[in-house]
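File shown: start-v6.tsv (TSV, C-alpha atoms).
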chain	number	residue	atom	x	y	z
A	1274	MET	CA	56.40	-6.27	-23.12
A	1275	SER	CA	56.10	-3.68	-25.88
A	1276	ASP	CA	58.77	-1.20	-26.90
A	1277	LYS	CA	56.30	0.95	-28.84
A	1278	LEU	CA	54.06	2.46	-26.15
A	1279	VAL	CA	53.00	6.09	-26.53
A	1280	LEU	CA	51.12	8.27	-24.06
A	1281	VAL	CA	48.57	10.23	-26.10
A	1282	LEU	CA	47.20	13.49	-24.67
A	1283	ASN	CA	44.22	15.39	-26.08
A	1284	CYS	CA	43.63	18.61	-24.13
A	1285	GLY	CA	40.31	20.40	-24.46
A	1286	SER	CA	39.42	23.73	-22.87
A	1287	SER	CA	38.31	22.09	-19.59
A	1288	SER	CA	39.20	18.43	-20.07
A	1289	LEU	CA	42.03	16.06	-20.93
A	1290	LYS	CA	41.64	12.71	-22.72
A	1291	PHE	CA	44.58	10.34	-22.40
A	1292	ALA	CA	45.61	6.86	-23.43
A	1293	ILE	CA	48.67	4.64	-23.48
A	1294	ILE	CA	48.69	2.87	-26.83
A	1295	ASP	CA	50.86	0.30	-28.55
A	1296	ALA	CA	51.72	2.17	-31.76
A	1297	GLN	CA	52.19	-1.08	-33.67
A	1298	THR	CA	48.96	-2.90	-32.74
A	1299	GLY	CA	46.67	-0.08	-31.57
A	1300	ASP	CA	46.04	-1.88	-28.28
A	1301	GLU	CA	45.15	0.45	-25.41
A	1302	GLN	CA	46.87	-0.29	-22.12
A	1303	ILE	CA	45.19	2.57	-20.26
A	1304	SER	CA	42.59	5.13	-21.37
A	1305	GLY	CA	40.82	7.86	-19.48
A	1306	LEU	CA	39.33	11.32	-19.18
A	1307	ALA	CA	39.90	14.16	-16.73
A	1308	GLU	CA	37.09	16.70	-16.93
A	1309	CYS	CA	35.28	19.68	-15.38
A	1310	PHE	CA	38.50	21.57	-14.67
A	1311	GLY	CA	37.97	24.47	-12.29
A	1312	LEU	CA	34.69	23.12	-10.92
A	1313	GLU	CA	33.89	21.43	-7.63
A	1314	ASP	CA	33.09	18.13	-9.37
A	1315	SER	CA	36.37	17.98	-11.31
A	1316	ARG	CA	37.25	14.29	-11.66
A	1317	ILE	CA	39.28	11.74	-13.56
A	1318	LYS	CA	38.15	8.34	-14.87
A	1319	TRP	CA	40.32	5.64	-16.39
A	1320	LYS	CA	40.28	2.03	-17.55
A	1321	PHE	CA	43.08	-0.47	-16.95
A	1322	ASN	CA	43.02	-4.24	-17.48
A	1323	GLY	CA	39.25	-4.16	-17.93
A	1324	GLY	CA	38.68	-2.38	-14.63
A	1325	LYS	CA	37.13	1.08	-14.27
A	1326	ASN	CA	38.55	3.62	-11.83
A	1327	GLU	CA	37.54	7.12	-10.77
A	1328	ALA	CA	38.90	9.84	-8.49
A	1329	LYS	CA	38.03	13.41	-7.56
A	1330	LEU	CA	40.57	16.07	-8.52
A	1331	GLY	CA	39.45	19.19	-6.66
A	1332	ALA	CA	38.13	22.60	-7.67
A	1333	PHE	CA	41.54	24.08	-8.53
A	1334	THR	CA	42.55	21.32	-10.93
A	1335	ALA	CA	43.65	22.21	-14.47
A	1336	HIS	CA	45.73	20.47	-17.15
A	1337	ARG	CA	49.02	20.60	-15.21
A	1338	GLU	CA	47.49	19.01	-12.11
A	1339	ALA	CA	45.69	16.39	-14.21
A	1340	VAL	CA	48.94	15.36	-15.93
A	1341	GLU	CA	50.64	15.17	-12.54
A	1342	PHE	CA	47.83	12.92	-11.26
A	1343	ILE	CA	48.30	10.63	-14.28
A	1344	VAL	CA	52.05	10.47	-13.64
A	1345	ASN	CA	51.97	10.09	-9.86
A	1346	ASN	CA	48.78	8.13	-9.19
A	1347	ILE	CA	48.03	6.12	-12.33
A	1348	LEU	CA	51.45	5.46	-13.84
A	1349	GLY	CA	53.01	5.54	-10.39
A	1350	ALA	CA	50.99	2.43	-9.57
A	1351	GLN	CA	52.23	0.74	-12.75
A	1352	PRO	CA	55.99	1.44	-12.88
A	1353	GLN	CA	56.70	-1.37	-15.37
A	1354	LEU	CA	54.14	0.08	-17.80
A	1355	ALA	CA	55.40	3.64	-17.28
A	1356	ALA	CA	58.96	2.54	-18.03
A	1357	GLN	CA	57.88	1.30	-21.48
A	1358	ILE	CA	56.54	4.66	-22.69
A	1359	LYS	CA	58.77	5.91	-25.49
A	1360	ALA	CA	57.07	9.17	-26.47
A	1361	ILE	CA	54.20	11.58	-25.73
A	1362	GLY	CA	51.84	12.34	-28.61
A	1363	HIS	CA	49.72	15.50	-28.52
A	1364	ARG	CA	46.60	16.12	-30.59
A	1365	ILE	CA	46.70	19.70	-31.93
A	1366	VAL	CA	43.57	21.02	-33.64
A	1367	HIS	CA	45.09	23.78	-35.77
A	1368	GLY	CA	48.48	23.95	-37.43
A	1369	GLY	CA	47.60	26.54	-40.07
A	1370	GLU	CA	49.79	26.26	-43.18
A	1371	LYS	CA	52.95	26.04	-41.08
A	1372	PHE	CA	52.50	22.38	-40.14
A	1373	THR	CA	51.72	19.99	-42.99
A	1374	ARG	CA	52.73	16.88	-41.05
A	1375	SER	CA	53.40	15.71	-37.50
A	1376	VAL	CA	56.55	17.09	-35.87
A	1377	ILE	CA	58.72	16.60	-32.79
A	1378	ILE	CA	58.00	19.47	-30.43
A	1379	THR	CA	60.70	22.14	-30.06
A	1380	PRO	CA	60.49	25.72	-28.79
A	1381	GLU	CA	59.95	26.80	-32.41
A	1382	VAL	CA	57.03	24.37	-32.78
A	1383	ILE	CA	55.46	25.65	-29.57
A	1384	GLN	CA	55.71	29.19	-30.96
A	1385	GLY	CA	54.10	28.02	-34.22
A	1386	ILE	CA	51.18	26.49	-32.33
A	1387	GLU	CA	50.80	29.75	-30.40
A	1388	ASP	CA	50.77	31.67	-33.69
A	1389	CYS	CA	47.81	29.53	-34.84
A	1390	ALA	CA	45.86	30.03	-31.59
A	1391	SER	CA	43.64	32.73	-33.09
A	1392	LEU	CA	42.38	30.16	-35.62
A	1393	ALA	CA	41.32	27.74	-32.85
A	1394	PRO	CA	40.94	29.86	-29.68
A	1395	LEU	CA	39.10	27.14	-27.74
A	1396	HIS	CA	41.63	24.44	-28.58
A	1397	ASN	CA	45.22	25.52	-29.27
A	1398	PRO	CA	45.75	27.37	-25.95
A	1399	ALA	CA	44.62	24.24	-24.08
A	1400	HIS	CA	46.95	22.08	-26.19
A	1401	LEU	CA	49.86	24.35	-25.25
A	1402	ILE	CA	49.07	24.01	-21.55
A	1403	GLY	CA	49.06	20.23	-21.97
A	1404	ILE	CA	52.36	20.27	-23.86
A	1405	ARG	CA	54.08	22.32	-21.19
A	1406	ALA	CA	52.66	20.14	-18.43
A	1407	ALA	CA	53.82	16.97	-20.22
A	1408	ILE	CA	57.32	18.40	-20.77
A	1409	ALA	CA	57.54	19.20	-17.05
A	1410	SER	CA	56.38	15.69	-16.08
A	1411	PHE	CA	58.32	13.78	-18.78
A	1412	PRO	CA	61.43	15.91	-19.40
A	1413	THR	CA	63.43	13.06	-20.97
A	1414	LEU	CA	60.75	11.78	-23.39
A	1415	PRO	CA	60.29	13.13	-26.92
A	1416	GLN	CA	57.04	15.07	-27.40
A	1417	VAL	CA	55.25	14.95	-30.76
A	1418	ALA	CA	52.54	17.26	-32.14
A	1419	VAL	CA	49.95	15.69	-34.49
A	1420	PHE	CA	47.74	18.22	-36.27
A	1421	ASP	CA	44.06	17.83	-37.24
A	1422	THR	CA	44.62	20.21	-40.14
A	1423	ALA	CA	47.67	18.46	-41.63
A	1424	PHE	CA	45.70	15.79	-43.54
A	1425	HIS	CA	43.81	18.50	-45.43
A	1426	GLN	CA	46.92	20.27	-46.70
A	1427	SER	CA	46.58	18.20	-49.89
A	1428	MET	CA	43.43	20.14	-50.88
A	1429	PRO	CA	43.83	22.09	-54.13
A	1430	GLU	CA	43.68	25.88	-54.04
A	1431	LYS	CA	40.24	25.91	-55.70
A	1432	ALA	CA	38.91	23.98	-52.68
A	1433	TYR	CA	40.45	26.03	-49.88
A	1434	VAL	CA	40.46	29.67	-51.07
A	1435	TYR	CA	37.47	31.79	-50.03
A	1436	ALA	CA	35.94	34.24	-52.51
A	1437	LEU	CA	37.38	37.17	-50.54
A	1438	PRO	CA	40.13	39.58	-51.60
A	1439	TYR	CA	43.06	37.26	-52.23
A	1440	LYS	CA	45.41	39.38	-50.10
A	1441	LEU	CA	43.49	38.22	-46.99
A	1442	TYR	CA	44.78	34.73	-47.73
A	1443	ARG	CA	48.20	35.86	-48.87
A	1444	GLU	CA	48.83	38.20	-45.94
A	1445	HIS	CA	46.74	36.70	-43.13
A	1446	GLY	CA	46.22	33.02	-43.99
A	1447	ILE	CA	42.42	33.30	-44.19
A	1448	ARG	CA	41.44	30.10	-46.02
A	1449	ARG	CA	39.72	26.78	-45.40
A	1450	TYR	CA	41.82	24.36	-43.32
A	1451	GLY	CA	39.50	21.55	-42.19
A	1452	MET	CA	39.57	19.50	-39.00
A	1453	HIS	CA	39.23	15.84	-37.86
A	1454	GLY	CA	42.18	15.00	-40.11
A	1455	THR	CA	43.47	12.08	-38.05
A	1456	SER	CA	40.00	10.51	-38.03
A	1457	HIS	CA	39.46	10.91	-41.77
A	1458	LEU	CA	42.93	9.49	-42.42
A	1459	PHE	CA	42.38	6.44	-40.22
A	1460	VAL	CA	38.95	5.43	-41.51
A	1461	SER	CA	39.85	5.97	-45.18
A	1462	ARG	CA	42.84	3.67	-44.67
A	1463	GLU	CA	40.60	1.04	-43.06
A	1464	ALA	CA	37.97	1.43	-45.79
A	1465	ALA	CA	40.54	0.59	-48.46
A	1466	LYS	CA	41.21	-2.70	-46.65
A	1467	VAL	CA	37.48	-3.52	-46.49
A	1468	LEU	CA	37.12	-2.72	-50.19
A	1469	GLY	CA	40.17	-4.81	-51.06
A	1470	LYS	CA	41.81	-1.88	-52.84
A	1471	GLU	CA	45.08	-0.02	-52.61
A	1472	LEU	CA	44.65	3.26	-50.74
A	1473	ALA	CA	46.08	5.13	-53.72
A	1474	ASP	CA	43.20	3.74	-55.83
A	1475	THR	CA	40.42	4.37	-53.28
A	1476	ASN	CA	37.90	7.23	-53.50
A	1477	VAL	CA	35.64	7.66	-50.47
A	1478	ILE	CA	33.52	10.24	-48.70
A	1479	CYS	CA	33.97	10.15	-44.93
A	1480	ALA	CA	31.36	11.58	-42.54
A	1481	HIS	CA	32.82	12.11	-39.06
A	1482	LEU	CA	29.71	12.77	-36.99
A	1483	GLY	CA	29.82	13.78	-33.35
A	1484	ASN	CA	29.17	16.93	-31.35
A	1485	GLY	CA	31.55	18.37	-33.92
A	1486	ALA	CA	30.98	17.01	-37.43
A	1487	SER	CA	32.68	17.18	-40.81
A	1488	VAL	CA	32.65	15.50	-44.22
A	1489	THR	CA	35.76	14.92	-46.32
A	1490	ALA	CA	36.23	13.85	-49.94
A	1491	ILE	CA	39.28	11.56	-50.06
A	1492	LYS	CA	40.76	10.71	-53.46
A	1493	GLY	CA	43.56	8.19	-53.64
A	1494	GLY	CA	44.08	8.48	-49.89
A	1495	LYS	CA	44.36	12.29	-49.93
A	1496	SER	CA	41.91	14.95	-48.80
A	1497	VAL	CA	40.63	16.98	-51.76
A	1498	ASP	CA	37.80	18.84	-50.02
A	1499	THR	CA	36.31	19.09	-46.54
A	1500	SER	CA	33.39	20.85	-44.88
A	1501	MET	CA	35.06	22.68	-41.99
A	1502	GLY	CA	36.83	25.91	-42.85
A	1503	LEU	CA	39.08	28.48	-41.22
A	1504	THR	CA	37.62	27.26	-37.93
A	1505	PRO	CA	35.49	24.26	-36.88
A	1506	LEU	CA	32.30	26.36	-37.26
A	1507	GLU	CA	31.78	25.96	-41.02
A	1508	GLY	CA	29.94	23.09	-42.68
A	1509	LEU	CA	27.46	20.65	-41.17
A	1510	VAL	CA	24.88	21.18	-38.44
A	1511	MET	CA	26.59	20.13	-35.19
A	1512	GLY	CA	25.67	19.72	-31.53
A	1513	THR	CA	25.81	23.42	-30.67
A	1514	ARG	CA	27.43	24.90	-33.82
A	1515	CYS	CA	25.35	26.29	-36.67
A	1516	GLY	CA	27.55	25.25	-39.59
A	1517	ASP	CA	26.98	27.12	-42.87
A	1518	LEU	CA	24.89	30.28	-42.77
A	1519	ASP	CA	24.47	33.59	-44.59
A	1520	PRO	CA	27.20	35.89	-43.18
A	1521	SER	CA	24.77	38.83	-43.29
A	1522	ILE	CA	22.91	37.22	-40.38
A	1523	ILE	CA	25.79	38.35	-38.19
A	1524	PHE	CA	25.34	42.00	-39.27
A	1525	HIS	CA	21.59	41.69	-38.70
A	1526	LEU	CA	22.11	40.33	-35.19
A	1527	VAL	CA	24.51	43.15	-34.32
A	1528	LYS	CA	22.88	46.13	-36.03
A	1529	GLN	CA	19.19	45.27	-35.82
A	1530	LEU	CA	18.94	43.09	-32.71
A	1531	GLY	CA	21.67	44.65	-30.59
A	1532	TYR	CA	23.93	41.62	-30.09
A	1533	THR	CA	27.58	42.21	-29.22
A	1534	LEU	CA	30.22	40.34	-31.24
A	1535	ASP	CA	30.99	38.16	-28.22
A	1536	GLU	CA	27.29	37.29	-27.93
A	1537	VAL	CA	27.16	36.41	-31.64
A	1538	ASN	CA	30.24	34.21	-31.29
A	1539	ASN	CA	28.66	32.43	-28.34
A	1540	LEU	CA	25.34	32.08	-30.20
A	1541	LEU	CA	26.88	30.50	-33.29
A	1542	ASN	CA	29.25	28.17	-31.44
A	1543	LYS	CA	27.40	27.21	-28.25
A	1544	GLN	CA	23.67	27.88	-28.68
A	1545	SER	CA	22.94	26.75	-32.24
A	1546	GLY	CA	22.99	23.42	-34.11
A	1547	LEU	CA	20.88	20.57	-32.75
A	1548	LEU	CA	20.44	22.42	-29.45
A	1549	GLY	CA	19.27	25.65	-31.03
A	1550	ILE	CA	16.85	24.05	-33.48
A	1551	SER	CA	15.35	21.53	-31.08
A	1552	GLU	CA	15.33	23.79	-28.00
A	1553	LEU	CA	15.83	20.47	-26.23
A	1554	THR	CA	19.41	19.14	-26.24
A	1555	ASN	CA	22.66	19.04	-28.20
A	1556	ASP	CA	22.98	15.27	-27.55
A	1557	CYS	CA	21.96	13.27	-30.61
A	1558	ARG	CA	20.63	10.48	-28.40
A	1559	GLY	CA	18.18	12.93	-26.86
A	1560	ILE	CA	17.29	14.25	-30.31
A	1561	GLU	CA	16.51	10.72	-31.52
A	1562	GLU	CA	14.41	10.01	-28.43
A	1563	GLY	CA	12.50	13.25	-29.02
A	1564	TYR	CA	12.03	12.30	-32.68
A	1565	GLN	CA	10.59	8.92	-31.69
A	1566	ASP	CA	8.26	10.66	-29.21
A	1567	GLY	CA	7.04	13.14	-31.82
A	1568	HIS	CA	8.80	16.21	-30.37
A	1569	LYS	CA	8.53	18.90	-33.09
A	1570	GLY	CA	11.84	20.59	-32.35
A	1571	ALA	CA	13.77	17.32	-32.18
A	1572	THR	CA	12.15	16.13	-35.40
A	1573	LEU	CA	13.07	19.33	-37.23
A	1574	ALA	CA	16.65	19.20	-35.89
A	1575	LEU	CA	17.07	15.60	-37.04
A	1576	GLU	CA	15.65	16.33	-40.49
A	1577	ILE	CA	17.89	19.37	-41.00
A	1578	PHE	CA	20.96	17.48	-39.76
A	1579	CYS	CA	20.37	14.62	-42.21
A	1580	TYR	CA	19.40	16.88	-45.12
A	1581	ARG	CA	22.49	19.07	-44.79
A	1582	LEU	CA	24.73	16.02	-44.47
A	1583	ALA	CA	23.22	14.35	-47.55
A	1584	LYS	CA	23.69	17.54	-49.60
A	1585	TYR	CA	27.37	17.72	-48.63
A	1586	ILE	CA	27.94	14.06	-49.46
A	1587	ALA	CA	26.30	14.44	-52.88
A	1588	SER	CA	28.38	17.54	-53.68
A	1589	TYR	CA	31.62	15.77	-52.79
A	1590	THR	CA	31.22	13.31	-55.65
A	1591	VAL	CA	32.32	16.25	-57.86
A	1592	PRO	CA	36.01	16.25	-56.85
A	1593	LEU	CA	36.11	12.43	-56.69
A	1594	GLY	CA	34.72	11.51	-60.10
A	1595	ARG	CA	34.21	7.94	-58.86
A	1596	LEU	CA	32.77	6.97	-55.48
A	1597	ASP	CA	33.87	3.66	-53.95
A	1598	ALA	CA	32.12	4.08	-50.58
A	1599	ILE	CA	30.60	6.39	-48.01
A	1600	ILE	CA	32.02	5.95	-44.50
A	1601	PHE	CA	30.21	6.83	-41.28
A	1602	THR	CA	32.33	7.35	-38.18
A	1603	GLY	CA	32.43	9.34	-34.91
A	1604	GLY	CA	30.00	8.94	-32.02
A	1605	ILE	CA	26.87	9.60	-34.10
A	1606	GLY	CA	28.14	8.00	-37.30
A	1607	GLU	CA	29.13	4.81	-35.49
A	1608	ASN	CA	25.97	4.43	-33.40
A	1609	SER	CA	22.96	6.02	-35.11
A	1610	ASP	CA	21.47	3.54	-37.55
A	1611	LEU	CA	18.50	5.93	-37.87
A	1612	ILE	CA	20.59	8.84	-39.14
A	1613	ARG	CA	22.61	6.62	-41.47
A	1614	GLU	CA	19.42	5.20	-42.99
A	1615	LYS	CA	17.85	8.65	-43.41
A	1616	VAL	CA	20.95	10.08	-45.07
A	1617	LEU	CA	21.34	7.18	-47.51
A	1618	ASN	CA	17.63	7.35	-48.38
A	1619	LEU	CA	18.02	11.07	-49.15
A	1620	LEU	CA	20.80	10.12	-51.58
A	1621	GLU	CA	18.17	8.47	-53.74
A	1622	ILE	CA	19.87	9.53	-56.98
A	1623	PHE	CA	22.76	7.14	-56.17
A	1624	ASN	CA	20.45	4.14	-55.53
A	1625	PHE	CA	21.78	3.19	-52.10
A	1626	GLU	CA	19.91	0.22	-50.63
A	1627	VAL	CA	20.25	-0.03	-46.86
A	1628	ASP	CA	20.37	-3.51	-45.33
A	1629	ASN	CA	18.41	-2.95	-42.11
A	1630	THR	CA	19.93	-5.95	-40.33
A	1631	LEU	CA	23.50	-4.96	-41.16
A	1632	ASN	CA	22.79	-1.32	-40.35
A	1633	LYS	CA	21.47	-2.14	-36.87
A	1634	ALA	CA	24.35	-4.55	-36.25
A	1635	ALA	CA	26.99	-1.91	-37.04
A	1636	ARG	CA	26.76	-0.07	-33.71
A	1637	PHE	CA	28.58	0.16	-30.38
A	1638	GLY	CA	32.05	-0.51	-31.77
A	1639	GLN	CA	31.01	-2.92	-34.54
A	1640	GLU	CA	32.01	-2.11	-38.09
A	1641	GLY	CA	30.96	-3.28	-41.52
A	1642	VAL	CA	29.16	-2.62	-44.80
A	1643	ILE	CA	25.52	-1.57	-44.21
A	1644	THR	CA	24.19	-1.74	-47.79
A	1645	LYS	CA	22.82	-4.66	-49.79
A	1646	PRO	CA	24.84	-6.61	-52.39
A	1647	GLY	CA	24.71	-4.78	-55.71
A	1648	SER	CA	24.10	-1.44	-54.02
A	1649	PRO	CA	26.69	1.33	-53.90
A	1650	VAL	CA	28.71	0.75	-50.73
A	1651	ALA	CA	28.19	2.51	-47.40
A	1652	MET	CA	30.01	1.31	-44.30
A	1653	VAL	CA	30.61	2.04	-40.64
A	1654	ILE	CA	34.19	2.19	-39.34
A	1655	PRO	CA	34.90	3.18	-35.71
A	1656	THR	CA	37.56	5.86	-35.69
A	1657	ASN	CA	40.80	5.63	-33.75
A	1658	GLU	CA	42.50	9.03	-33.73
A	1659	GLU	CA	44.66	8.06	-30.76
A	1660	TRP	CA	46.25	5.21	-32.71
A	1661	VAL	CA	47.16	7.58	-35.57
A	1662	ILE	CA	48.76	9.95	-33.06
A	1663	ALA	CA	50.70	7.08	-31.46
A	1664	GLU	CA	51.84	5.80	-34.89
A	1665	ASP	CA	53.11	9.20	-35.98
A	1666	ALA	CA	54.88	9.73	-32.67
A	1667	MET	CA	56.75	6.42	-32.91
A	1668	LYS	CA	57.69	6.98	-36.57
A	1669	LEU	CA	59.25	10.34	-35.74
A	1670	VAL	CA	61.03	9.00	-32.66
A	1671	ALA	CA	62.39	6.02	-34.61
A	1672	ALA	CA	63.64	8.32	-37.38
A	1673	LYS	CA	65.62	10.56	-34.99

Could you take the file, read its structure, and then write that structure out as structure tokens?
Amino acid sequence: MSDKLVLVLNCGSSSLKFAIIDAQTGDEQISGLAECFGLEDSRIKWKFNGGKNEAKLGAFTAHREAVEFIVNNILGAQPQLAAQIKAIGHRIVHGGEKFTRSVIITPEVIQGIEDCASLAPLHNPAHLIGIRAAIASFPTLPQVAVFDTAFHQSMPEKAYVYALPYKLYREHGIRRYGMHGTSHLFVSREAAKVLGKELADTNVICAHLGNGASVTAIKGGKSVDTSMGLTPLEGLVMGTRCGDLDPSIIFHLVKQLGYTLDEVNNLLNKQSGLLGISELTNDCRGIEEGYQDGHKGATLALEIFCYRLAKYIASYTVPLGRLDAIIFTGGIGENSDLIREKVLNLLEIFNFEVDNTLNKAARFGQEGVITKPGSPVAMVIPTNEEWVIAEDAMKLVAAK
């Protein structure tokens, strides 16, 4: 029996990911997803002891009801396991400048997360609902907030300040914050082990590629630059997000084409990226299938995605000075050997040589170096954000 189990909750706008993790070993006891809140097909799926389970939740289900189902139906059936949980860890997307590290949740912390809600309007309000639901269901357990933005608080001012009037940063906190911090932290730590180096002497570029995607330059274990900005919209081409674009396009859409600001916001966040370019799908698997079938839109989307990613990676050698490895992670980074190969081939100036056998082998949870001996190193490392959240939660609880 473990005395280091943490229930990790990751609340999205209409979903809730959860897992019970041993903070020391990273072993998952239970993991699952409740999704489609507010719809008729709202449901919850979970894995326990190798078995898969599923249940319907009902049209009126939201985060509170989902947490109650986890407590009453899933943990209720495993009272010995439930009794071992020592803390609840919450993934919080945006902590602004207020939160530079993980913290035990207090009323003041909840207010701070609320104050940052305008910087992540799709995420922070959902996190707060999950926090309140977890406090109601686990009133005696410590609750810990782990922030995506915290890892990037080590960026220098020259990397995070926009070329806007400085008072907008000073008075309103408008700056680049970055996201996916727990993922970038985890895989950079693992990369140092693979390279046989101390983390403090390891310089890597990490590409976290999924429906949301970001690249981070990590020098000596610390973030020195990252592609996402004030919000998760900046940077790479993503599933439905446009990434970088000329800001004047927004004025053109409003003044010349008659879009409302809400319509522009929806366009940039939900109708662009791979979906918008391909006019086919936001799912990279569908994009790759379309590419293989000669679909023009899918082909263009794939080429733009890889080109933009390669440009970001090349530019992030500037703050590093020395590059020890490129890391691919996230759903696309861990599984798309095609995209990894295309990106490394575009980085021709660095002389990467892809080992096709190793590249194809490093999929579906398998990790490893994917370049030939003598080549600069590129590797695949599956991320484990939940383990980082569990670790931080146990460290704070133990230090109380």

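Considering only C-alpha atoms, the residue among A:Asp1314, A:Glu1664, A:Glu1607, A:Glu1626 positioned nearest to Ala1480 (chain A) is A:Glu1607.
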
* Asked: Interatomic distance between CA of Ile1365 (chain A) and CA of Lys1431 (chain A)?
  -> 25.4 Å

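Here CA of Val1279 (chain A) stands at a distance of 5.7 Å from CA of Ile1361 (chain A).
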
* Skip Tyr1442 (chain A) itself and residues of its chain fewer than 5 positions away, then list as a list in words all residues within 12 Å of it, counting only C-alpha atoms. => Gly1369, Glu1370, Glu1430, Tyr1433, Val1434, Tyr1435, Ala1436, Leu1437, Ile1447, Arg1448, Arg1449, Tyr1450 and Leu1503 of chain A

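The closest residue to Glu1621 (chain A), picked from A:Gln1357, A:Ser1648, A:Ser1496, A:Ser1288 and counting all atoms listed in the file, is A:Ser1648.
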
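Between CA of Lys1615 (chain A) and CA of Arg1581 (chain A) there is a distance of 11.5 Å.
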
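Close contacts of Lys1633 (chain A), defined as residues with an atom at most 9 Å away when counting only C-alpha atoms, with chain neighbours fewer than 5 positions off set aside, comprise Asn1608, Ser1609, Asp1610, Leu1611, Asp1628 and Ile1643 of chain A.
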
C-alpha atoms of the current selection, written as a CSV table (one decimal), in the coordinates of the input:
chain,number,residue,atom,x,y,z
A,1608,ASN,CA,26.0,4.4,-33.4
A,1609,SER,CA,23.0,6.0,-35.1
A,1610,ASP,CA,21.5,3.5,-37.6
A,1611,LEU,CA,18.5,5.9,-37.9
A,1628,ASP,CA,20.4,-3.5,-45.3
A,1643,ILE,CA,25.5,-1.6,-44.2

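When all atoms listed in the file are used to measure the gap to Glu1463 (chain A), the shortest distance among A:Thr1475, A:Asn1542, A:Asn1629, A:Ser1588 belongs to A:Thr1475.
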
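Using all atoms listed in the file, the set of residues no farther than 12 Å from the position (57.9, 7.5, -38.7) comprises Lys1277, Ala1296, Gln1297, Arg1374, Ser1375, Val1376, Ile1377, Val1417, Val1661, Ile1662, Ala1663, Glu1664, Asp1665, Ala1666, Met1667, Lys1668, Leu1669, Val1670, Ala1671, Ala1672 and Lys1673 of chain A.
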
* Tell me, as number ranges by chain, which residues lie within 10 Å of region 1388-1390 of chain A, counting only C-alpha atoms; anything in the same chain fewer than 5 positions away does not count. => A: 1366-1371, 1382-1383, 1395-1401, 1446

* Long-range neighbours of Pro1592 (chain A) as a PyMOL selection string, 8 Å cut-off, only C-alpha atoms, 4 positions minimum in chain -> chain A and resi 1490+1497-1498

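Among the candidates A:Thr1602, A:Ser1286, A:Thr1422, A:Asn1624, the residue lying nearest to Ser1461 (chain A) is A:Thr1602 (atoms considered: all atoms listed in the file).
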
* Considering only C-alpha atoms, state which residue in the set A:Glu1561, A:Asp1276, A:Asp1300, A:Glu1338 is at the smallest distance from Gln1353 (chain A). => A:Asp1276

* Neighbourhood query: residues within 8 Å of (30.5, 8.0, -43.3), file coordinates, counting all atoms listed in the file; return as number ranges by chain. => A: 1478-1482, 1488, 1599-1602, 1606, 1651-1654

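With only C-alpha atoms as the atoms that count, the minimum distance from Gly1512 (chain A) to the choices A:Gly1604, A:Gly1647, A:Gly1454, A:Gly1385 is reached by A:Gly1604.
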
* **Spatial neighbours of Phe1424 (chain A), 9 Å, all atoms listed in the file, chain gap at least 6 places, as a ChimeraX atom specification** => /A:1373-1374,1451-1455,1457-1458,1495-1496

Is it possible to add N, CA, C and O atoms to region 1408-1415 of chain A and hand it back as a PDB file, in the frame of the given file?
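To be explicit, this is the file written out as out00.pdb:
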ATOM      1  N   ILE A1408      55.863  18.208 -20.756  1.00  0.00           N
ATOM      2  CA  ILE A1408      57.320  18.400 -20.770  1.00  0.00           C
ATOM      3  C   ILE A1408      57.856  18.452 -19.342  1.00  0.00           C
ATOM      4  O   ILE A1408      58.914  17.881 -19.031  1.00  0.00           O
ATOM      5  N   ALA A1409      57.106  19.117 -18.454  1.00  0.00           N
ATOM      6  CA  ALA A1409      57.540  19.200 -17.050  1.00  0.00           C
ATOM      7  C   ALA A1409      57.517  17.827 -16.383  1.00  0.00           C
ATOM      8  O   ALA A1409      58.400  17.509 -15.577  1.00  0.00           O
ATOM      9  N   SER A1410      56.516  17.006 -16.714  1.00  0.00           N
ATOM     10  CA  SER A1410      56.380  15.690 -16.080  1.00  0.00           C
ATOM     11  C   SER A1410      57.230  14.620 -16.739  1.00  0.00           C
ATOM     12  O   SER A1410      57.613  13.646 -16.097  1.00  0.00           O
ATOM     13  N   PHE A1411      57.523  14.778 -18.035  1.00  0.00           N
ATOM     14  CA  PHE A1411      58.320  13.780 -18.780  1.00  0.00           C
ATOM     15  C   PHE A1411      59.458  14.497 -19.504  1.00  0.00           C
ATOM     16  O   PHE A1411      59.517  14.514 -20.739  1.00  0.00           O
ATOM     17  N   PRO A1412      60.392  15.082 -18.768  1.00  0.00           N
ATOM     18  CA  PRO A1412      61.430  15.910 -19.400  1.00  0.00           C
ATOM     19  C   PRO A1412      62.373  15.150 -20.321  1.00  0.00           C
ATOM     20  O   PRO A1412      63.007  15.754 -21.189  1.00  0.00           O
ATOM     21  N   THR A1413      62.474  13.828 -20.155  1.00  0.00           N
ATOM     22  CA  THR A1413      63.430  13.060 -20.970  1.00  0.00           C
ATOM     23  C   THR A1413      62.782  12.403 -22.190  1.00  0.00           C
ATOM     24  O   THR A1413      63.488  11.851 -23.032  1.00  0.00           O
ATOM     25  N   LEU A1414      61.437  12.448 -22.276  1.00  0.00           N
ATOM     26  CA  LEU A1414      60.750  11.780 -23.390  1.00  0.00           C
ATOM     27  C   LEU A1414      60.494  12.752 -24.540  1.00  0.00           C
ATOM     28  O   LEU A1414      60.150  13.916 -24.305  1.00  0.00           O
ATOM     29  N   PRO A1415      60.640  12.273 -25.792  1.00  0.00           N
ATOM     30  CA  PRO A1415      60.290  13.130 -26.920  1.00  0.00           C
ATOM     31  C   PRO A1415      58.788  13.405 -26.962  1.00  0.00           C
ATOM     32  O   PRO A1415      57.989  12.519 -26.680  1.00  0.00           O
TER      33      PRO A1415
END
